[in-house]
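Text of the file query-v6.tsv, holding TSV, C-alpha atoms:
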```
chain	number	residue	atom	x	y	z
W	1	MET	CA	-19.23	-14.95	-41.02
W	2	THR	CA	-20.91	-12.82	-38.40
W	3	ALA	CA	-19.07	-10.60	-35.97
W	4	SER	CA	-20.10	-12.92	-33.16
W	5	ALA	CA	-18.68	-15.97	-34.89
W	6	ASP	CA	-15.42	-14.14	-35.62
W	7	ARG	CA	-15.21	-12.96	-32.04
W	8	PHE	CA	-15.34	-16.51	-30.76
W	9	GLY	CA	-13.21	-18.14	-33.43
W	10	PRO	CA	-11.16	-21.12	-32.24
W	11	GLY	CA	-7.85	-19.24	-32.17
W	12	ARG	CA	-9.08	-16.28	-30.19
W	13	SER	CA	-11.20	-18.43	-27.88
W	14	ARG	CA	-8.16	-20.41	-26.81
W	15	GLU	CA	-6.19	-17.25	-25.99
W	16	GLU	CA	-9.04	-15.56	-24.18
W	17	LEU	CA	-9.90	-18.68	-22.22
W	18	ARG	CA	-6.27	-19.01	-21.18
W	19	LEU	CA	-6.30	-15.40	-19.97
W	20	ALA	CA	-9.48	-16.04	-17.99
W	21	GLN	CA	-7.93	-19.16	-16.45
W	22	VAL	CA	-4.82	-17.25	-15.37
W	23	ALA	CA	-6.93	-14.48	-13.83
W	24	SER	CA	-9.12	-17.06	-12.12
W	25	GLY	CA	-6.04	-18.75	-10.67
W	26	LEU	CA	-4.81	-15.43	-9.29
W	27	LEU	CA	-8.14	-14.75	-7.60
W	28	MET	CA	-8.26	-18.28	-6.16
W	29	LEU	CA	-4.74	-17.87	-4.77
W	30	MET	CA	-5.69	-14.59	-3.11
W	31	ASP	CA	-8.79	-16.20	-1.61
W	32	ALA	CA	-6.83	-19.22	-0.39
W	33	HIS	CA	-4.44	-16.96	1.51
W	34	ARG	CA	-7.32	-14.80	2.79
W	35	LEU	CA	-5.85	-11.69	1.23
W	36	THR	CA	-8.82	-10.28	-0.65
W	37	GLY	CA	-10.47	-8.75	2.40
W	38	ARG	CA	-7.18	-7.20	3.53
W	39	LEU	CA	-6.52	-5.33	0.30
W	40	PRO	CA	-6.97	-1.54	0.09
W	41	LEU	CA	-10.55	-0.61	-0.76
W	42	ASP	CA	-9.81	0.50	-4.33
W	43	VAL	CA	-7.90	-2.74	-4.98
W	44	GLN	CA	-10.82	-4.77	-3.61
W	45	VAL	CA	-13.10	-3.00	-6.09
W	46	GLN	CA	-10.81	-3.87	-8.99
W	47	ALA	CA	-10.53	-7.48	-7.80
W	48	SER	CA	-14.32	-7.70	-7.75
W	49	ARG	CA	-14.49	-6.33	-11.29
W	50	LEU	CA	-11.87	-8.83	-12.42
W	51	ARG	CA	-13.82	-11.68	-10.81
W	52	HIS	CA	-16.99	-10.62	-12.65
W	53	ALA	CA	-15.13	-10.27	-15.96
W	54	VAL	CA	-13.67	-13.78	-15.58
W	55	LYS	CA	-17.15	-15.17	-14.93
W	56	LEU	CA	-18.55	-13.54	-18.07
W	57	ALA	CA	-15.59	-14.72	-20.17
W	58	ILE	CA	-16.00	-18.32	-19.02
W	59	GLN	CA	-19.74	-18.26	-19.64
W	60	ALA	CA	-19.26	-16.79	-23.11
W	61	GLU	CA	-16.69	-19.42	-24.08
W	62	THR	CA	-18.59	-22.42	-22.73
W	63	PRO	CA	-20.61	-23.14	-25.97
W	64	TYR	CA	-17.40	-23.22	-27.98
W	65	LEU	CA	-15.25	-25.35	-25.72
W	66	PRO	CA	-15.87	-28.62	-27.70
W	67	ARG	CA	-14.28	-27.02	-30.77
W	68	LEU	CA	-11.04	-26.33	-28.94
W	69	ALA	CA	-8.09	-28.69	-29.07
W	70	PRO	CA	-7.78	-30.97	-26.06
W	71	PRO	CA	-5.63	-29.48	-23.30
W	72	PRO	CA	-2.02	-30.68	-23.01
W	73	PRO	CA	-1.28	-33.38	-20.43
W	74	PRO	CA	-0.68	-32.00	-16.95
W	75	ALA	CA	2.88	-31.22	-16.03
W	76	PRO	CA	4.58	-33.29	-13.34
W	77	ALA	CA	3.63	-32.24	-9.85
W	78	GLY	CA	5.99	-29.68	-8.37
W	79	PRO	CA	6.19	-26.13	-7.08
W	80	ASP	CA	4.96	-23.44	-9.45
W	81	PRO	CA	7.65	-20.73	-9.67
W	82	ALA	CA	5.11	-18.10	-10.73
W	83	ALA	CA	2.86	-18.91	-7.76
W	84	ALA	CA	5.84	-18.86	-5.39
W	85	ALA	CA	6.95	-15.48	-6.72
W	86	LEU	CA	3.42	-14.13	-6.33
W	87	ARG	CA	3.19	-15.36	-2.74
W	88	ALA	CA	6.58	-13.81	-1.92
W	89	TRP	CA	5.56	-10.47	-3.43
W	90	ILE	CA	2.23	-10.44	-1.59
W	91	ALA	CA	3.89	-11.32	1.72
W	92	ALA	CA	6.21	-8.33	1.36
W	93	GLN	CA	3.41	-5.80	0.91
W	94	PRO	CA	2.58	-3.66	3.96
W	95	TRP	CA	-1.18	-4.22	3.59
W	96	THR	CA	-0.78	-7.99	4.12
W	97	GLN	CA	0.94	-7.69	7.49
W	98	PRO	CA	-1.13	-8.60	10.56
W	99	GLY	CA	-2.80	-5.83	12.51
W	100	PRO	CA	-5.02	-2.83	11.75
W	101	LEU	CA	-4.17	-0.59	8.84
W	102	GLY	CA	-3.18	3.02	9.27
W	103	TRP	CA	-0.46	5.55	8.54
W	104	VAL	CA	3.27	5.26	9.16
W	105	TYR	CA	4.70	8.77	9.38
W	106	LEU	CA	8.08	10.42	9.83
W	107	LEU	CA	8.56	13.70	11.70
W	108	CYS	CA	11.68	15.78	11.13
W	109	PHE	CA	12.84	18.00	14.01
W	110	ARG	CA	13.59	21.57	12.90
W	111	ASP	CA	14.90	24.82	14.29
W	112	PRO	CA	11.83	27.12	14.38
W	113	THR	CA	14.03	30.20	13.77
W	114	THR	CA	16.08	29.03	10.80
W	115	GLY	CA	13.87	26.20	9.55
W	116	GLN	CA	16.91	23.96	9.29
W	117	HIS	CA	17.18	20.40	10.54
W	118	ALA	CA	18.03	20.45	14.25
W	119	PRO	CA	18.42	17.11	16.06
W	120	LEU	CA	17.43	16.85	19.67
W	121	GLN	CA	20.64	16.64	21.69
W	122	GLY	CA	20.63	13.96	24.36
W	123	ASN	CA	21.99	14.30	27.87
W	124	GLY	CA	23.87	11.00	27.82
W	125	VAL	CA	27.65	10.72	27.98
W	126	ARG	CA	27.77	9.53	24.37
W	127	GLY	CA	26.14	12.68	23.07
W	128	GLN	CA	23.24	10.73	21.58
W	129	TYR	CA	20.65	12.69	19.68
W	130	ALA	CA	17.44	12.17	17.72
W	131	GLY	CA	16.72	13.97	14.49
W	132	HIS	CA	13.48	12.21	13.56
W	133	TYR	CA	10.49	10.42	15.00
W	134	TRP	CA	8.75	7.38	13.51
W	135	GLY	CA	5.09	6.88	14.38
W	136	TRP	CA	1.96	4.94	13.44
W	137	THR	CA	-1.67	6.00	13.73
W	138	ASP	CA	-5.09	5.18	12.33
W	139	ASN	CA	-6.05	8.88	12.42
W	140	LEU	CA	-3.30	11.03	10.94
W	141	ILE	CA	-4.89	14.45	11.44
W	142	ARG	CA	-5.71	13.79	15.09
W	143	ARG	CA	-2.25	12.39	15.86
W	144	ILE	CA	-0.36	15.32	14.32
W	145	SER	CA	-2.61	17.73	16.25
W	146	GLN	CA	-1.80	15.83	19.44
W	147	HIS	CA	1.93	16.09	18.74
W	148	ARG	CA	1.61	19.86	18.32
W	149	ASN	CA	-0.23	20.21	21.63
W	150	PRO	CA	2.37	21.01	24.34
W	151	ARG	CA	0.07	19.50	26.99
W	152	TRP	CA	-0.27	16.15	25.21
W	153	ARG	CA	0.93	13.26	27.38
W	154	GLY	CA	0.07	10.31	25.17
W	155	ALA	CA	2.10	8.50	22.52
W	156	GLY	CA	5.16	10.27	21.16
W	157	ARG	CA	7.03	11.34	24.29
W	158	LEU	CA	10.13	12.07	22.21
W	159	VAL	CA	8.23	14.72	20.26
W	160	GLN	CA	7.12	16.43	23.47
W	161	VAL	CA	10.71	16.47	24.72
W	162	ALA	CA	11.83	18.04	21.45
W	163	LEU	CA	9.15	20.74	21.68
W	164	ALA	CA	10.09	21.44	25.29
W	165	ALA	CA	13.70	21.90	24.12
W	166	GLY	CA	12.57	24.67	21.77
W	167	LEU	CA	12.45	22.66	18.55
W	168	SER	CA	9.61	22.28	16.09
W	169	PHE	CA	8.82	19.50	13.63
W	170	GLU	CA	7.47	18.96	10.13
W	171	LEU	CA	5.63	15.98	8.67
W	172	ALA	CA	8.23	14.69	6.22
W	173	TRP	CA	7.16	11.25	4.96
W	174	LEU	CA	4.05	9.03	4.89
W	175	GLU	CA	3.11	5.48	3.95
W	176	TYR	CA	-0.47	4.23	3.68
W	177	PRO	CA	-1.82	1.62	4.18
W	178	ALA	CA	0.63	0.25	6.74
W	179	THR	CA	0.65	-1.58	10.06
W	180	ARG	CA	2.51	-1.25	13.34
W	181	GLY	CA	4.77	-4.04	12.14
W	182	ARG	CA	5.75	-1.90	9.16
W	183	GLU	CA	6.61	0.98	11.52
W	184	ARG	CA	8.79	-1.35	13.60
W	185	ARG	CA	10.68	-2.59	10.53
W	186	LEU	CA	11.37	0.97	9.39
W	187	LYS	CA	12.67	1.87	12.84
W	188	ASN	CA	14.89	-1.19	12.90
W	189	GLN	CA	16.43	-0.20	9.56
W	190	GLY	CA	17.86	2.91	11.23
W	191	SER	CA	19.00	6.15	9.58
W	192	ALA	CA	15.67	7.92	9.09
W	193	TYR	CA	17.71	10.53	7.22
W	194	ARG	CA	17.69	8.24	4.17
W	195	ARG	CA	13.90	8.48	3.91
W	196	CYS	CA	13.52	12.13	4.92
W	197	PRO	CA	12.85	14.34	1.86
W	198	LEU	CA	13.44	17.48	3.96
W	199	CYS	CA	16.95	16.47	4.99
W	200	ARG	CA	17.83	15.22	1.51
W	201	GLY	CA	16.36	18.27	-0.22
W	202	THR	CA	14.03	16.20	-2.40
W	203	GLY	CA	10.68	17.42	-1.05
W	204	GLY	CA	8.86	19.78	1.26
W	205	PRO	CA	6.70	19.41	4.37
W	206	LEU	CA	3.47	17.46	4.02
W	207	ASP	CA	0.01	18.63	5.06
W	208	PRO	CA	-1.81	15.84	6.95
W	209	ALA	CA	-5.28	17.06	5.93
W	210	ALA	CA	-4.29	17.14	2.25
W	211	ALA	CA	-2.75	13.66	2.50
W	212	VAL	CA	-5.91	12.19	4.05
W	213	ALA	CA	-8.12	13.92	1.47
W	214	ALA	CA	-5.98	12.56	-1.38
W	215	ILE	CA	-6.44	8.99	-0.11
W	216	GLN	CA	-10.16	9.30	0.53
W	217	HIS	CA	-10.96	10.91	-2.81
W	218	ALA	CA	-8.52	9.05	-5.04
W	219	PRO	CA	-10.45	8.08	-8.21
W	220	LEU	CA	-10.70	4.42	-9.08
W	221	PRO	CA	-8.95	3.36	-12.31
W	222	ASP	CA	-11.14	3.25	-15.40
W	223	PRO	CA	-11.70	-0.46	-16.16
W	224	ARG	CA	-12.29	0.25	-19.84
W	225	PRO	CA	-9.35	-0.14	-22.23
W	226	SER	CA	-7.90	3.15	-23.46
W	227	GLY	CA	-9.47	4.37	-26.67
W	228	ARG	CA	-12.87	2.76	-26.05
W	229	ARG	CA	-15.93	4.83	-25.15
```

Could you take the file, read its structure, and then write that structure out as structure tokens?
Amino acid sequence: MTASADRFGPGRSREELRLAQVASGLLMLMDAHRLTGRLPLDVQVQASRLRHAVKLAIQAETPYLPRLAPPPPPAPAGPDPAAAALRAWIAAQPWTQPGPLGWVYLLCFRDPTTGQHAPLQGNGVRGQYAGHYWGWTDNLIRRISQHRNPRWRGAGRLVQVALAAGLSFELAWLEYPATRGRERRLKNQGSAYRRCPLCRGTGGPLDPAAAVAAIQHAPLPDPRPSGRR
């Protein structure tokens, strides 16, 4: 028996064809919900590779399909739990939310002398204060530079008030890709302290230029299985 014949034996063909069918169903579901074009660029590349691999697998199995056992009768019509779980997971991802993609960032107000966390004290009768600032931008480096400019009068008025009060800030937390809706949900959750690595002592300040460079130059995953050359 040749290597080719063993490769496409009836048992293995059935398993590989099933795998190709499952992958094809996933791709069709993503297309039906118009999600493919809204994926991060590196994920779009992998989806394209998967689509091409499914095509080659189907074409390679086609001559041997008559030798396979007939498929089982279709199950009664009803909701597919796996498909429902997939749709729910996709809907919860930040890159599927409507709107342009960008960065959600968290600034932590600090005392420039001691470097410790120093909330901005409010003037209200309740003694309200703000220790952090949530923001969204499609250009992280430019936005952080704007925040550090004492003459900036655009978005982020709270940051300018904190600087005028003698405080400084550090970039504490990032999420990419994300939308304005994601920023709003994080604000609504309250207690930015829970997500601030500086306040919790679990991390240090972030460099916006390094963060952008890491995203832009992140290597794509190797599609080859480990151990193969």

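CA of Leu167 (chain W) is found 17.9 Å from CA of Leu206 (chain W).
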
Selected residue, from W:Leu107, W:Met28, W:His52, W:Leu140, that lies nearest to Pro197 (chain W) when counting all atoms listed in the file:
W:Leu107

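Between CA of Ala172 (chain W) and CA of Leu198 (chain W) there is a distance of 6.3 Å.
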
Residues near His117 (chain W), anyone? I mean within 9 Å using all atoms listed in the file, not counting same-chain ones fewer than 2 positions away, as an MDAnalysis selection string.
chainID W and resid 108:111 114:115 119 131 169 198:199

Near-Arg180 (chain W) list (12 Å; only C-alpha atoms; drop same-chain fewer than 3 positions) as a PyMOL selection string:
chain W and resi 94-105+134-138+175-177+183-187

Please measure the separation of CA of Pro205 (chain W) and CA of Arg142 (chain W), giving the value in Å to one decimal.
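Computed distance, CA of Pro205 (chain W) to CA of Arg142 (chain W), equals 17.3 Å.
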
Check the smallest atom-to-atom distance from each of W:Leu171, W:Asn188, W:Asp207, W:Leu29 to Ala84 (chain W) using all atoms listed in the file, then report the winner.
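That would be W:Leu29, the residue with the smallest distance to Ala84 (chain W).
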
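The closest residue to Ala213 (chain W), picked from W:Arg49, W:Arg194, W:Ile141, W:Gln189 and counting only C-alpha atoms, is W:Ile141.
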
Render region 174-186 of chain W from the structure in the preceding block as a file of all heavy atoms, as a tab-separated table (two decimals), in the first residue's frame.
```tsv
chain	number	residue	atom	x	y	z
W	174	LEU	N	-3.93	49.01	29.51
W	174	LEU	CA	-4.33	49.15	28.11
W	174	LEU	C	-5.14	47.95	27.67
W	174	LEU	O	-4.94	46.83	28.17
W	174	LEU	CB	-3.09	49.25	27.19
W	174	LEU	CG	-2.28	50.54	27.22
W	174	LEU	CD1	-0.98	50.34	26.47
W	174	LEU	CD2	-3.06	51.70	26.63
W	175	GLU	N	-6.03	48.18	26.71
W	175	GLU	CA	-6.71	47.09	26.02
W	175	GLU	C	-6.82	47.44	24.55
W	175	GLU	O	-7.23	48.55	24.19
W	175	GLU	CB	-8.10	46.84	26.58
W	175	GLU	CG	-8.80	45.66	25.90
W	175	GLU	CD	-10.14	45.34	26.53
W	175	GLU	OE1	-10.16	45.02	27.74
W	175	GLU	OE2	-11.16	45.42	25.82
W	176	TYR	N	-6.40	46.51	23.69
W	176	TYR	CA	-6.46	46.71	22.24
W	176	TYR	C	-6.69	45.36	21.58
W	176	TYR	O	-6.09	44.37	21.98
W	176	TYR	CB	-5.15	47.32	21.73
W	176	TYR	CG	-5.13	47.52	20.23
W	176	TYR	CD1	-5.56	48.73	19.68
W	176	TYR	CD2	-4.73	46.50	19.37
W	176	TYR	CE1	-5.55	48.92	18.31
W	176	TYR	CE2	-4.74	46.68	18.00
W	176	TYR	CZ	-5.14	47.89	17.47
W	176	TYR	OH	-5.16	48.08	16.10
W	177	PRO	N	-7.57	45.28	20.56
W	177	PRO	CA	-8.44	46.35	20.04
W	177	PRO	C	-9.69	46.51	20.89
W	177	PRO	O	-10.16	45.56	21.51
W	177	PRO	CB	-8.79	45.84	18.65
W	177	PRO	CG	-8.78	44.35	18.79
W	177	PRO	CD	-7.70	44.04	19.78
W	178	ALA	N	-10.22	47.72	20.93
W	178	ALA	CA	-11.41	48.01	21.72
W	178	ALA	C	-12.15	49.19	21.09
W	178	ALA	O	-11.59	49.92	20.27
W	178	ALA	CB	-11.02	48.33	23.17
W	179	THR	N	-13.39	49.36	21.48
W	179	THR	CA	-14.22	50.43	20.93
W	179	THR	C	-14.62	51.40	22.05
W	179	THR	O	-14.36	51.16	23.22
W	179	THR	CB	-15.50	49.86	20.30
W	179	THR	OG1	-16.27	49.21	21.33
W	179	THR	CG2	-15.17	48.85	19.21
W	180	ARG	N	-15.29	52.47	21.65
W	180	ARG	CA	-15.79	53.42	22.64
W	180	ARG	C	-16.81	52.76	23.56
W	180	ARG	O	-16.92	53.11	24.74
W	180	ARG	CB	-16.42	54.62	21.93
W	180	ARG	CG	-15.43	55.48	21.16
W	180	ARG	CD	-16.14	56.67	20.52
W	180	ARG	NE	-15.25	57.44	19.67
W	180	ARG	CZ	-14.44	58.40	20.10
W	180	ARG	NH1	-14.42	58.71	21.39
W	180	ARG	NH2	-13.66	59.06	19.25
W	181	GLY	N	-17.58	51.82	22.99
W	181	GLY	CA	-18.53	51.09	23.82
W	181	GLY	C	-17.85	50.31	24.93
W	181	GLY	O	-18.35	50.21	26.05
W	182	ARG	N	-16.69	49.74	24.63
W	182	ARG	CA	-15.92	49.01	25.63
W	182	ARG	C	-15.46	49.97	26.73
W	182	ARG	O	-15.52	49.66	27.92
W	182	ARG	CB	-14.72	48.34	24.98
W	182	ARG	CG	-13.74	47.69	25.94
W	182	ARG	CD	-14.35	46.58	26.73
W	182	ARG	NE	-13.35	45.84	27.47
W	182	ARG	CZ	-13.61	44.98	28.44
W	182	ARG	NH1	-14.87	44.74	28.79
W	182	ARG	NH2	-12.64	44.35	29.07
W	183	GLU	N	-15.00	51.16	26.35
W	183	GLU	CA	-14.60	52.16	27.35
W	183	GLU	C	-15.78	52.50	28.26
W	183	GLU	O	-15.64	52.60	29.48
W	183	GLU	CB	-14.11	53.43	26.64
W	183	GLU	CG	-13.76	54.56	27.60
W	183	GLU	CD	-13.84	55.93	26.94
W	183	GLU	OE1	-14.25	56.00	25.77
W	183	GLU	OE2	-13.51	56.92	27.62
W	184	ARG	N	-16.97	52.71	27.67
W	184	ARG	CA	-18.13	53.05	28.46
W	184	ARG	C	-18.49	51.95	29.45
W	184	ARG	O	-18.84	52.22	30.60
W	184	ARG	CB	-19.31	53.34	27.52
W	184	ARG	CG	-20.65	53.59	28.20
W	184	ARG	CD	-20.56	54.66	29.26
W	184	ARG	NE	-20.00	55.90	28.74
W	184	ARG	CZ	-19.66	56.93	29.52
W	184	ARG	NH1	-19.78	56.84	30.82
W	184	ARG	NH2	-19.16	58.03	28.96
W	185	ARG	N	-18.39	50.69	29.02
W	185	ARG	CA	-18.72	49.59	29.93
W	185	ARG	C	-17.73	49.53	31.09
W	185	ARG	O	-18.12	49.24	32.23
W	185	ARG	CB	-18.74	48.26	29.17
W	185	ARG	CG	-19.96	48.09	28.28
W	185	ARG	CD	-20.08	46.67	27.78
W	185	ARG	NE	-18.93	46.28	26.98
W	185	ARG	CZ	-18.81	46.55	25.69
W	185	ARG	NH1	-19.76	47.22	25.05
W	185	ARG	NH2	-17.76	46.17	25.01
W	186	LEU	N	-16.46	49.76	30.81
W	186	LEU	CA	-15.47	49.75	31.88
W	186	LEU	C	-15.72	50.89	32.87
W	186	LEU	O	-15.59	50.71	34.09
W	186	LEU	CB	-14.06	49.87	31.30
W	186	LEU	CG	-13.57	48.63	30.53
W	186	LEU	CD1	-12.26	48.93	29.81
W	186	LEU	CD2	-13.38	47.45	31.48
```
